[in-house]
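Participant: Provided herewith: upload-v2.txt, compact mmCIF, C-alpha atoms.
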```
# COMPACT_ATOMS: atom_id res chain seq x y z
CA MET A 1 27.00 -116.66 -97.98
CA ILE A 2 24.00 -116.28 -95.68
CA ARG A 3 21.98 -114.57 -98.42
CA ARG A 4 22.72 -117.39 -100.86
CA ALA A 5 22.00 -120.07 -98.27
CA LEU A 6 18.64 -118.44 -97.56
CA LEU A 7 17.89 -118.44 -101.30
CA VAL A 8 18.57 -122.18 -101.44
CA ALA A 9 16.45 -122.73 -98.32
CA ALA A 10 13.59 -120.67 -99.77
CA ARG A 11 13.76 -122.64 -103.03
CA GLU A 12 13.65 -125.84 -101.01
CA GLY A 13 10.66 -124.65 -99.01
CA ARG A 14 8.77 -123.71 -102.17
CA ALA A 15 9.47 -127.09 -103.80
CA ASP A 16 8.46 -128.86 -100.57
CA ARG A 17 5.13 -127.09 -100.55
CA ARG A 18 4.36 -128.32 -104.09
CA GLN A 19 5.87 -131.77 -103.58
CA PRO A 20 5.53 -132.47 -99.85
CA ASP A 21 6.30 -136.20 -100.17
CA GLY A 22 9.38 -136.02 -97.90
CA LEU A 23 7.46 -134.18 -95.19
CA VAL A 24 4.44 -136.49 -95.50
CA ALA A 25 6.61 -139.63 -95.33
CA ALA A 26 8.48 -138.31 -92.29
CA ALA A 27 5.32 -137.18 -90.47
CA THR A 28 3.61 -140.51 -91.17
CA PHE A 29 6.63 -142.39 -89.87
CA VAL A 30 6.80 -140.37 -86.64
CA ALA A 31 3.03 -140.61 -86.06
CA ALA A 32 3.05 -144.37 -86.68
CA LEU A 33 5.91 -144.88 -84.25
CA VAL A 34 4.22 -142.81 -81.53
CA LEU A 35 0.96 -144.72 -82.03
CA LEU A 36 2.67 -148.12 -82.08
CA GLU A 37 4.75 -147.28 -79.02
CA SER A 38 1.87 -147.44 -76.59
CA VAL A 39 0.35 -150.47 -78.32
CA VAL A 40 3.56 -152.51 -78.27
CA VAL A 41 5.03 -151.72 -74.84
CA GLY A 42 1.81 -150.78 -73.07
CA PRO A 43 0.72 -147.33 -71.89
CA GLN A 44 2.52 -147.47 -68.53
CA VAL A 45 5.92 -148.33 -69.99
CA ALA A 46 5.39 -145.98 -72.94
CA ARG A 47 4.81 -143.07 -70.52
CA ALA A 48 8.10 -143.69 -68.71
CA SER A 49 10.41 -140.71 -69.02
CA SER A 50 13.21 -142.97 -70.22
CA VAL A 51 11.14 -144.57 -72.99
CA ALA A 52 8.96 -141.89 -74.60
CA PRO A 53 11.81 -139.41 -75.30
CA ALA A 54 14.10 -142.13 -76.66
CA LEU A 55 11.54 -143.38 -79.16
CA TYR A 56 10.61 -139.81 -80.07
CA TRP A 57 14.19 -138.86 -80.96
CA ILE A 58 14.84 -142.10 -82.83
CA ALA A 59 11.72 -141.39 -84.89
CA LEU A 60 12.86 -137.83 -85.56
CA LEU A 61 16.30 -139.01 -86.61
CA PHE A 62 14.83 -141.34 -89.25
CA ALA A 63 12.44 -138.59 -90.28
CA ALA A 64 15.41 -136.26 -90.84
CA ILE A 65 17.11 -138.87 -93.03
CA VAL A 66 13.93 -139.39 -95.09
CA ILE A 67 13.43 -135.65 -95.63
CA ALA A 68 17.09 -135.01 -96.52
CA MET A 69 17.26 -137.89 -98.97
CA ARG A 70 14.10 -136.76 -100.73
CA SER A 71 15.48 -133.24 -100.90
CA PHE A 72 18.69 -134.39 -102.62
CA GLU A 73 16.80 -136.76 -104.93
CA ARG A 74 15.01 -133.68 -106.23
CA GLU A 75 18.40 -132.12 -106.96
CA LEU A 76 19.46 -135.18 -108.92
CA GLU A 77 16.39 -135.15 -111.17
CA ASP A 78 17.44 -133.36 -114.35
CA ASP A 79 20.91 -132.79 -112.80
CA ALA A 80 19.62 -129.68 -111.02
CA ILE A 81 22.42 -129.94 -108.49
CA ASP A 82 25.07 -129.28 -111.18
CA ALA A 83 23.59 -125.86 -111.85
CA VAL A 84 23.95 -124.91 -108.17
CA LEU A 85 27.43 -126.41 -107.80
CA ALA A 86 28.62 -124.44 -110.83
CA LEU A 87 27.46 -121.15 -109.31
CA PRO A 88 30.01 -119.01 -107.47
CA GLY A 89 29.63 -119.94 -103.80
CA GLY A 90 27.10 -122.60 -104.77
CA ARG A 91 28.62 -125.43 -102.79
CA ASP A 92 28.61 -123.61 -99.44
CA ALA A 93 25.14 -122.26 -100.13
CA LEU A 94 23.83 -125.69 -101.04
CA TYR A 95 24.98 -127.23 -97.77
CA ALA A 96 23.88 -124.34 -95.58
CA GLY A 97 20.60 -123.88 -97.44
CA LYS A 98 19.70 -127.56 -97.23
CA LEU A 99 20.57 -127.46 -93.54
CA ILE A 100 18.27 -124.51 -92.91
CA ALA A 101 15.47 -126.09 -94.96
CA LEU A 102 15.76 -129.42 -93.15
CA LEU A 103 15.73 -127.58 -89.86
CA GLY A 104 12.42 -125.94 -90.79
CA THR A 105 10.75 -129.10 -92.04
CA LEU A 106 12.03 -131.16 -89.13
CA ALA A 107 10.71 -128.56 -86.70
CA VAL A 108 7.22 -129.03 -88.17
CA VAL A 109 7.49 -132.81 -87.80
CA ALA A 110 8.92 -132.45 -84.29
CA VAL A 111 6.09 -130.21 -83.12
CA GLY A 112 3.43 -132.49 -84.64
CA GLY A 113 5.04 -135.66 -83.27
CA GLY A 114 5.65 -134.07 -79.87
CA VAL A 115 2.08 -132.85 -79.48
CA LEU A 116 0.77 -136.26 -80.55
CA GLU A 117 3.02 -138.07 -78.10
CA ILE A 118 2.16 -135.76 -75.18
CA ALA A 119 -1.55 -136.03 -75.90
CA LEU A 120 -1.68 -139.75 -76.66
CA LEU A 121 0.49 -140.88 -73.74
CA ASP A 122 -0.85 -138.18 -71.41
CA LEU A 123 2.70 -137.24 -70.43
CA ASP A 124 3.31 -135.18 -67.28
CA ILE A 125 5.64 -132.28 -68.00
CA ALA A 126 7.45 -130.94 -64.97
CA LEU A 127 9.47 -128.25 -66.80
CA PRO A 128 7.71 -127.12 -70.00
CA GLY A 129 10.28 -124.39 -70.76
CA HIS A 130 13.18 -126.80 -70.43
CA LEU A 131 11.32 -129.32 -72.55
CA LEU A 132 10.86 -126.77 -75.31
CA LEU A 133 14.54 -125.82 -75.15
CA ALA A 134 15.63 -129.46 -75.27
CA ALA A 135 13.30 -130.16 -78.21
CA ALA A 136 14.51 -127.08 -80.11
CA LEU A 137 18.20 -127.86 -79.60
CA GLY A 138 17.62 -131.53 -80.40
CA VAL A 139 16.09 -130.52 -83.71
CA VAL A 140 18.99 -128.13 -84.34
CA ALA A 141 21.58 -130.83 -83.63
CA LEU A 142 20.38 -133.37 -86.21
CA PRO A 143 20.42 -131.71 -89.67
CA ALA A 144 24.13 -130.83 -89.85
CA VAL A 145 25.19 -134.48 -89.69
CA VAL A 146 22.33 -135.81 -91.82
CA ILE A 147 22.91 -133.30 -94.64
CA LEU A 148 26.65 -133.93 -94.45
CA ASP A 149 26.17 -137.69 -94.91
CA VAL A 150 23.59 -137.38 -97.68
CA ALA A 151 25.77 -134.88 -99.55
CA LEU A 152 28.86 -137.07 -99.31
CA THR A 153 27.04 -140.16 -100.62
CA LEU A 154 25.13 -138.29 -103.30
CA ARG A 155 26.57 -139.96 -106.40
CA LEU A 156 26.65 -143.46 -104.91
CA ARG A 157 24.01 -145.93 -105.99
CA ALA A 158 23.92 -147.48 -102.53
CA ARG A 159 23.26 -144.15 -100.79
CA ALA A 160 19.85 -145.29 -99.46
CA ALA A 161 21.66 -147.94 -97.42
CA LEU A 162 24.82 -145.97 -96.76
CA VAL A 163 23.29 -142.83 -95.28
CA PRO A 164 21.77 -144.53 -92.22
CA VAL A 165 24.89 -146.68 -91.78
CA LEU A 166 27.13 -143.60 -91.83
CA ALA A 167 24.83 -141.26 -89.95
CA LEU A 168 23.53 -143.40 -87.12
CA PRO A 169 26.85 -144.06 -85.32
CA VAL A 170 27.80 -140.38 -85.57
CA LEU A 171 24.39 -139.36 -84.25
CA VAL A 172 24.52 -141.49 -81.09
CA PRO A 173 25.81 -138.58 -78.93
CA GLN A 174 23.02 -136.32 -80.23
CA LEU A 175 20.41 -139.01 -79.54
CA VAL A 176 21.72 -139.61 -76.02
CA ALA A 177 21.91 -135.88 -75.26
CA ALA A 178 18.47 -135.12 -76.69
CA THR A 179 16.87 -138.07 -74.90
CA ASN A 180 18.42 -137.14 -71.55
CA ALA A 181 17.66 -133.43 -71.89
CA THR A 182 14.01 -134.27 -72.69
CA ALA A 183 13.67 -136.97 -70.04
CA LEU A 184 15.09 -134.71 -67.30
CA ALA A 185 12.75 -131.89 -68.37
CA LEU A 186 9.82 -134.29 -68.00
CA GLU A 187 11.08 -135.45 -64.57
CA GLY A 188 11.80 -131.94 -63.26
CA ASP A 189 15.61 -131.77 -63.14
CA PRO A 190 16.40 -128.27 -64.51
CA SER A 191 20.20 -128.32 -64.19
CA GLY A 192 20.52 -131.80 -65.70
CA SER A 193 18.26 -130.88 -68.61
CA LEU A 194 20.18 -127.66 -69.26
CA ALA A 195 23.53 -129.46 -69.18
CA TRP A 196 22.43 -131.94 -71.85
CA SER A 197 20.87 -129.10 -73.87
CA GLY A 198 24.19 -127.25 -73.78
CA LEU A 199 25.89 -130.34 -75.13
CA LEU A 200 23.35 -130.46 -77.96
CA LEU A 201 24.14 -126.87 -78.87
CA ALA A 202 27.88 -127.55 -78.89
CA ILE A 203 27.41 -130.62 -81.10
CA ALA A 204 25.24 -128.64 -83.53
CA LEU A 205 27.88 -125.93 -83.89
CA VAL A 206 30.75 -128.39 -84.33
CA TYR A 207 28.98 -130.34 -87.07
CA ALA A 208 27.73 -127.23 -88.86
CA VAL A 209 31.32 -125.93 -89.09
CA LEU A 210 32.58 -129.39 -90.06
CA GLY A 211 29.93 -129.66 -92.76
CA LEU A 212 30.76 -126.24 -94.18
CA THR A 213 34.42 -127.27 -94.28
CA ILE A 214 34.01 -130.73 -95.78
CA VAL A 215 31.01 -130.56 -98.10
CA PRO A 216 32.13 -127.80 -100.48
CA THR A 217 35.30 -129.72 -101.34
CA ALA A 218 33.88 -133.23 -101.16
CA ILE A 219 30.57 -132.93 -102.97
CA GLU A 220 30.60 -134.06 -106.61
CA MET B 221 32.55 -115.09 -140.68
CA PRO B 222 33.56 -116.01 -137.13
CA VAL B 223 31.55 -114.22 -134.45
CA MET B 224 34.06 -112.85 -131.98
CA GLN B 225 35.59 -109.73 -130.62
CA SER B 226 39.33 -109.40 -130.54
CA THR B 227 40.67 -109.69 -127.02
CA ALA B 228 42.70 -106.55 -127.62
CA ALA B 229 39.55 -104.62 -128.49
CA ILE B 230 37.85 -105.74 -125.28
CA ALA B 231 40.89 -104.95 -123.18
CA ARG B 232 41.06 -101.49 -124.76
CA ALA B 233 37.47 -100.91 -123.78
CA GLY B 234 38.50 -101.50 -120.18
CA ALA B 235 36.48 -104.66 -119.65
CA PRO B 236 38.20 -107.74 -118.25
CA VAL B 237 38.61 -110.46 -120.87
CA PRO B 238 36.55 -113.50 -119.96
CA SER B 239 38.32 -116.79 -120.46
CA ALA B 240 38.32 -120.40 -119.37
CA ARG B 241 41.29 -122.73 -119.76
CA LEU B 242 41.97 -126.37 -119.17
CA ASP B 243 45.65 -127.18 -119.18
CA GLY B 244 46.93 -130.76 -119.16
CA ALA B 245 43.71 -131.97 -117.54
CA VAL B 246 43.59 -135.59 -116.51
CA VAL B 247 40.28 -136.91 -115.16
CA ALA B 248 39.53 -140.48 -114.12
CA LEU B 249 36.36 -142.21 -113.07
CA GLY B 250 37.43 -145.15 -110.93
CA ASP B 251 40.19 -146.85 -112.91
CA ARG B 252 38.97 -145.45 -116.26
CA VAL B 253 40.78 -142.38 -117.56
CA ILE B 254 38.29 -140.01 -119.21
CA LEU B 255 40.54 -137.05 -120.06
CA ARG B 256 44.21 -137.56 -120.93
CA GLY B 257 46.04 -134.26 -120.68
CA VAL B 258 43.39 -132.11 -122.34
CA ALA B 259 44.20 -128.46 -123.07
CA ILE B 260 41.33 -126.20 -124.15
CA GLU B 261 41.19 -122.43 -124.25
CA VAL B 262 37.89 -120.56 -124.41
CA LEU B 263 38.18 -116.88 -125.29
CA PRO B 264 35.56 -114.29 -126.33
CA GLY B 265 33.65 -115.59 -129.33
CA ILE B 266 32.40 -119.09 -130.09
CA THR B 267 34.55 -122.15 -129.53
CA VAL B 268 33.22 -125.55 -130.61
CA LEU B 269 34.16 -128.88 -129.07
CA ARG B 270 33.50 -131.81 -131.36
CA GLY B 271 33.93 -135.53 -131.03
CA PRO B 272 32.00 -138.79 -131.03
CA ASN B 273 29.99 -140.05 -128.05
CA GLY B 274 32.29 -141.02 -125.20
CA SER B 275 35.19 -138.91 -126.44
CA GLY B 276 35.24 -136.81 -123.25
CA LYS B 277 33.45 -133.63 -124.37
CA THR B 278 31.03 -133.56 -121.43
CA THR B 279 33.79 -134.28 -118.91
CA ALA B 280 35.91 -131.48 -120.38
CA LEU B 281 33.00 -129.05 -119.95
CA ARG B 282 32.34 -130.29 -116.42
CA ALA B 283 36.01 -129.88 -115.58
CA LEU B 284 35.92 -126.28 -116.82
CA ALA B 285 32.81 -125.71 -114.68
CA GLY B 286 34.59 -127.13 -111.63
CA LEU B 287 32.24 -130.08 -111.40
CA VAL B 288 34.83 -132.85 -111.63
CA PRO B 289 38.14 -133.02 -109.80
CA LEU B 290 41.33 -133.12 -111.86
CA LEU B 291 43.92 -135.80 -111.17
CA ARG B 292 46.49 -133.61 -112.88
CA GLY B 293 46.51 -130.31 -114.73
CA SER B 294 44.74 -127.09 -113.97
CA VAL B 295 41.57 -125.15 -114.70
CA ASP B 296 41.60 -121.37 -114.84
CA VAL B 297 38.40 -119.35 -115.19
CA ALA B 298 38.23 -115.55 -115.42
CA GLY B 299 34.65 -114.30 -115.39
CA ASP B 300 31.12 -115.36 -114.43
CA LEU B 301 30.48 -118.82 -115.76
CA LEU B 302 27.20 -120.42 -116.81
CA TYR B 303 27.24 -124.17 -117.36
CA LEU B 304 24.26 -125.77 -119.07
CA GLY B 305 24.54 -129.55 -119.16
CA HIS B 306 22.75 -131.88 -121.52
CA ARG B 307 19.87 -132.07 -119.03
CA PRO B 308 17.90 -128.91 -118.13
CA GLN B 309 19.14 -128.67 -114.49
CA LEU B 310 15.81 -127.28 -113.28
CA VAL B 311 14.39 -128.22 -109.88
CA HIS B 312 11.16 -130.16 -110.05
CA GLY B 313 8.39 -128.70 -107.90
CA LEU B 314 9.27 -125.18 -109.02
CA THR B 315 7.99 -123.35 -112.07
CA ALA B 316 10.30 -122.28 -114.89
CA ARG B 317 9.97 -118.69 -113.66
CA GLU B 318 10.87 -119.66 -110.08
CA ASN B 319 13.87 -121.67 -111.26
CA LEU B 320 15.23 -118.79 -113.32
CA ALA B 321 14.47 -116.23 -110.62
CA PHE B 322 16.48 -118.33 -108.17
CA PHE B 323 19.56 -118.35 -110.40
CA ALA B 324 19.25 -114.65 -111.19
CA ALA B 325 18.88 -113.77 -107.51
CA PHE B 326 21.83 -115.99 -106.62
CA ARG B 327 24.01 -113.99 -109.02
CA GLU B 328 22.39 -110.74 -107.87
CA ARG B 329 21.02 -110.04 -111.37
CA ARG B 330 17.97 -107.81 -111.31
CA ALA B 331 16.59 -108.82 -114.71
CA ASP B 332 12.92 -109.72 -115.13
CA VAL B 333 13.13 -113.41 -115.97
CA GLY B 334 9.71 -113.21 -117.61
CA VAL B 335 11.23 -111.44 -120.63
CA PRO B 336 13.66 -114.21 -121.68
CA LEU B 337 11.08 -116.88 -120.84
CA ARG B 338 8.55 -115.21 -123.14
CA SER B 339 11.15 -114.80 -125.85
CA TRP B 340 11.83 -118.54 -125.65
CA GLY B 341 8.11 -119.23 -126.11
CA LEU B 342 7.28 -120.02 -122.50
CA GLY B 343 5.02 -117.10 -121.74
CA ALA B 344 1.95 -119.20 -120.96
CA ASP B 345 3.85 -122.08 -119.40
CA ALA B 346 6.36 -120.14 -117.33
CA ASP B 347 4.23 -120.60 -114.21
CA ARG B 348 3.73 -124.34 -114.51
CA PRO B 349 5.93 -126.68 -112.46
CA VAL B 350 8.77 -127.78 -114.74
CA GLU B 351 7.91 -131.47 -114.41
CA GLN B 352 4.67 -130.67 -116.26
CA LEU B 353 6.55 -129.21 -119.23
CA SER B 354 7.72 -131.18 -122.26
CA ALA B 355 11.40 -132.01 -122.66
CA GLY B 356 11.72 -129.31 -125.33
CA GLN B 357 10.05 -126.71 -123.10
CA ARG B 358 12.32 -127.57 -120.20
CA ARG B 359 15.32 -127.24 -122.50
CA ARG B 360 14.12 -123.83 -123.69
CA ALA B 361 13.56 -122.69 -120.11
CA ALA B 362 17.13 -123.73 -119.30
CA LEU B 363 18.46 -121.87 -122.34
CA ALA B 364 16.61 -118.73 -121.25
CA ARG B 365 19.21 -118.59 -118.46
CA ILE B 366 21.69 -117.33 -121.06
CA GLU B 367 19.71 -114.08 -121.21
CA SER B 368 18.50 -113.88 -117.61
CA GLU B 369 21.97 -114.31 -116.11
CA ARG B 370 24.12 -112.74 -118.85
CA CYS B 371 27.37 -114.45 -117.89
CA ASP B 372 30.78 -113.78 -119.42
CA ILE B 373 31.48 -117.44 -120.08
CA LEU B 374 28.94 -119.95 -121.43
CA LEU B 375 29.62 -123.68 -121.40
CA LEU B 376 26.88 -125.51 -123.31
CA ASP B 377 26.70 -129.27 -123.62
CA GLU B 378 24.68 -130.43 -126.65
CA PRO B 379 22.43 -127.35 -126.41
CA PHE B 380 20.50 -128.18 -129.60
CA ALA B 381 19.18 -131.49 -128.32
CA GLU B 382 15.35 -131.67 -128.06
CA LEU B 383 14.88 -128.31 -129.82
CA ASP B 384 12.61 -127.77 -132.81
CA ASP B 385 13.87 -125.81 -135.83
CA GLU B 386 12.53 -122.52 -134.55
CA ALA B 387 14.25 -122.95 -131.18
CA VAL B 388 17.50 -123.99 -132.89
CA ALA B 389 17.47 -120.75 -134.88
CA ARG B 390 16.63 -118.84 -131.70
CA LEU B 391 19.56 -120.43 -129.88
CA GLN B 392 21.96 -119.70 -132.72
CA ARG B 393 20.89 -116.06 -132.56
CA ALA B 394 21.36 -115.99 -128.79
CA LEU B 395 24.83 -117.50 -129.06
CA ARG B 396 25.90 -115.05 -131.76
CA ASP B 397 24.54 -112.16 -129.67
CA SER B 398 26.40 -113.36 -126.57
CA ALA B 399 29.63 -113.88 -128.48
CA GLY B 400 29.21 -110.54 -130.23
CA GLY B 401 28.77 -108.93 -126.81
CA GLY B 402 32.14 -110.26 -125.69
CA ALA B 403 31.16 -113.51 -123.99
CA ALA B 404 33.36 -116.58 -124.28
CA VAL B 405 31.13 -119.40 -125.51
CA LEU B 406 32.08 -123.08 -125.60
CA ILE B 407 29.66 -125.48 -127.28
CA ALA B 408 30.08 -129.25 -127.14
CA SER B 409 28.14 -130.79 -129.99
CA HIS B 410 28.44 -133.58 -132.48
CA GLY B 411 25.87 -132.08 -134.84
CA HIS B 412 25.14 -128.66 -136.35
CA ALA B 413 28.27 -128.39 -138.47
CA ASP B 414 27.20 -124.86 -139.44
CA LEU B 415 28.37 -123.76 -135.99
CA ASP B 416 31.93 -124.18 -137.15
CA ARG B 417 31.50 -121.27 -139.57
CA ASP B 418 30.91 -118.92 -136.65
CA ALA B 419 33.60 -120.40 -134.44
CA ARG B 420 36.93 -118.80 -133.69
CA ARG B 421 38.26 -122.26 -132.85
CA VAL B 422 37.08 -125.85 -133.24
CA TYR B 423 38.56 -128.57 -131.05
CA LEU B 424 38.20 -132.21 -132.00
CA MET B 425 38.23 -134.74 -129.19
CA HIS B 426 38.75 -138.47 -129.47
CA ASP B 427 39.23 -141.00 -126.69
CA GLY B 428 39.87 -138.37 -124.02
CA GLU B 429 42.38 -136.36 -126.01
CA VAL B 430 42.22 -133.20 -128.09
CA GLN B 431 43.32 -134.14 -131.58
CA GLY B 432 42.99 -130.85 -133.39
```
How does the structure come out when it is put into structure tokens?
Facilitator:
Amino acid sequence: MIRRALLVAAREGRADRRQPDGLVAAATFVAALVLLESVVVGPQVARASSVAPALYWIALLFAAIVIAMRSFERELEDDAIDAVLALPGGRDALYAGKLIALLGTLAVVAVGGGVLEIALLDLDIALPGHLLLAAALGVVALPAVVILDVALTLRLRARAALVPVLALPVLVPQLVAATNATALALEGDPSGSLAWSGLLLAIALVYAVLGLTIVPTAIE
Amino acid sequence: MPVMQSTAAIARAGAPVPSARLDGAVVALGDRVILRGVAIEVLPGITVLRGPNGSGKTTALRALAGLVPLLRGSVDVAGDLLYLGHRPQLVHGLTARENLAFFAAFRERRADVGVPLRSWGLGADADRPVEQLSAGQRRRAALARIESERCDILLLDEPFAELDDEAVARLQRALRDSAGGGAAVLIASHGHADLDRDARRVYLMHDGEVQG
């Protein structure tokens, strides 16, 4: 299954390089939000450890939805998805491969957005290692749910509206955990940051297993 | 003369007999029933599924490929199955070669996909993203999967659509070769009556039911 999932992820990466519209849209969205943040709330408030991480993770969540939806739209053009679903083990591989691919693309957006936010707001980082861990696990925790929701709403005309409506409530724990893990890393609370990071890891595993269980039978 | 191998001959040769069966299949889309207890058997050789638009041919093929859930009935497939729908099913952003290489790698086939692509007339265009190809070229690239993946069971939905005369003849050759090699081929088509000559069985569908 891993080999097939990696094949799907590699195919996704290749198509993304030729048609990077999902990545560009997501990166633009994150950059715009980071830029607007300091303009709207002022640099002092924007630098607060409770504000900057929250806006950052909200931006990344929407970026993940944009990238995932574009990825599945590509599958629907010319009914490409049917060819994968009809392959032996295609359904599992499609979910896992899309998850891996989203993880990679989201990591690029996360690094770019993070660097921009740190530089623009001149953020003080008390625990850089913990911040990196929180950011990595936050990125890992998002794709499982986003891909699950996009896959389940694939054949619905209203999927553009339904995906955020379905995904956002489910993603509240991830957003809270990622925001707290990041904020505490900025403030210098190692045990608090690690505790929230652990929760992020647990959530990522639970939803990855849930997705692998649900999607292969539910996707049409 | 029908193009087929007897199942007994294949079994004697020690190879498993590829087959795909729908038995009493009922499929509904919302409150509309698309298939009403359809039974179809696809054995080595060419089987043709005929019927007017909206008769349920595509849904029957999709049910055999496991792409639509059955309300009732069963689907039983023995062998590697290749389903080619009435659209090319190629991912935009990738070249024809990359698309075919993906499918071949997925099935762990080690064939050089360049050979079938060239034989389908895509030698020069095999490395262009598929969205830059014409509809006919995309269709030919999709049909090249028959030779790059060499599956036991082929389910083809209106495979002659968008093909010029040369490509139609090429496809007919490919189908006869596959069937002659022991593959079970099911073709849904409402044209190309000459296919029936080569078929071991012709099913006629109307309003979600097999009528003959």
Participant: Counting only C-alpha atoms, which residues in chain B sit no more than 9 Å from chain A? For each one, give the nearest pair of atoms and the distance in Å, sorted by chain then residue number, as CSV.
Facilitator:
```
residue,atom,partner,partner_atom,distance
B:Arg282,CA,A:Ala86,CA,8.9
B:Ala285,CA,A:Ala86,CA,5.8
B:Gly286,CA,A:Ala86,CA,6.6
B:Leu287,CA,A:Glu220,CA,6.4
B:Val288,CA,A:Glu220,CA,6.7
B:Pro289,CA,A:Glu220,CA,8.3
B:Asp300,CA,A:Pro88,CA,7.9
B:Leu301,CA,A:Leu87,CA,7.5
B:Leu302,CA,A:Ala86,CA,7.3
B:Tyr303,CA,A:Ala86,CA,6.7
B:Leu304,CA,A:Ala83,CA,7.3
B:Gly305,CA,A:Asp82,CA,8.0
B:His306,CA,A:Asp79,CA,9.0
B:Arg307,CA,A:Asp78,CA,5.4
B:Pro308,CA,A:Asp78,CA,5.9
B:Gln309,CA,A:Ala80,CA,3.6
B:Leu310,CA,A:Ala80,CA,5.0
B:Val311,CA,A:Ala80,CA,5.5
B:His312,CA,A:Arg74,CA,6.5
B:Gly313,CA,A:Ala15,CA,4.5
B:Leu314,CA,A:Ala15,CA,5.6
B:Glu318,CA,A:Arg11,CA,8.2
B:Asn319,CA,A:Arg11,CA,8.3
B:Phe322,CA,A:Leu7,CA,7.0
B:Phe323,CA,A:Val84,CA,8.2
B:Ala325,CA,A:Leu7,CA,7.8
B:Phe326,CA,A:Arg4,CA,6.0
B:Arg327,CA,A:Leu87,CA,8.0
B:Pro349,CA,A:Arg18,CA,8.7
```
Participant: Write out as a PyMOL selection string which residues come within 8 Å of B:Ile266 when counting all atoms listed in the file, dropping same-chain ones fewer than 2 positions away.
Facilitator: chain B and resi 222-224+263-264+268+395-396+399+404-407+418-421
Participant: Give me the residues near A:Asp122 as an MDAnalysis selection string, where near means some atom within 12 Å (using only C-alpha atoms) and where sequence neighbours in that chain fewer than 2 positions away do not count.
Facilitator: chainID A and resid 38 43:44 46:49 52 114:120 124:125 186
Participant: Please report the interatomic distance between atom CA of B:Glu382 and atom CA of B:Val262 in Å with one decimal.
Facilitator: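 Calculated distance between atom CA of B:Glu382 and atom CA of B:Val262 is 25.4 Å.
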Participant: Find the spatial neighbours of B:Ala245, counting only C-alpha atoms, within a cut-off of 7 Å - ignore same-chain residues fewer than 2 positions away - and output them as number ranges by chain.
Facilitator: B: 242-243, 247, 255-259, 290, 292-294
Participant: Please list as a count of residues only every residue within 9 Å of A:Leu142, counting only C-alpha atoms and excluding residues in the same chain fewer than 5 positions away.
Facilitator: 10
Participant: Show which residues sit within 9 Å of A:Tyr56, as an NGL selection string. Count all atoms listed in the file, and ignore same-chain residues fewer than 6 positions away.
Facilitator: :A and (30 or 33-34 or 110 or 113-114 or 117 or 179)
Participant: Would you put the residues from that selection into a file with C-alpha atoms, as an mmCIF file, in the frame of the given file?
Facilitator:
```cif
data_model
loop_
_atom_site.group_PDB
_atom_site.id
_atom_site.type_symbol
_atom_site.label_atom_id
_atom_site.label_comp_id
_atom_site.auth_asym_id
_atom_site.auth_seq_id
_atom_site.Cartn_x
_atom_site.Cartn_y
_atom_site.Cartn_z
ATOM 1 C CA VAL A 30 6.800 -140.370 -86.640
ATOM 2 C CA LEU A 33 5.910 -144.880 -84.250
ATOM 3 C CA VAL A 34 4.220 -142.810 -81.530
ATOM 4 C CA ALA A 110 8.920 -132.450 -84.290
ATOM 5 C CA GLY A 113 5.040 -135.660 -83.270
ATOM 6 C CA GLY A 114 5.650 -134.070 -79.870
ATOM 7 C CA GLU A 117 3.020 -138.070 -78.100
ATOM 8 C CA THR A 179 16.870 -138.070 -74.900
#
```
Participant: Atom CA of B:Asp385 and atom CA of B:Gly334, how far apart in Å?
Facilitator: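 Calculated distance between atom CA of B:Gly334 and atom CA of B:Asp385 is 22.5 Å.
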Participant: So the first atom is atom CA of B:Ile373 and the second is atom CA of B:Ala344; what is the distance between them in Å, to one decimal place?
Facilitator: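 Between atom CA of B:Ile373 and atom CA of B:Ala344 the gap works out to 29.6 Å.
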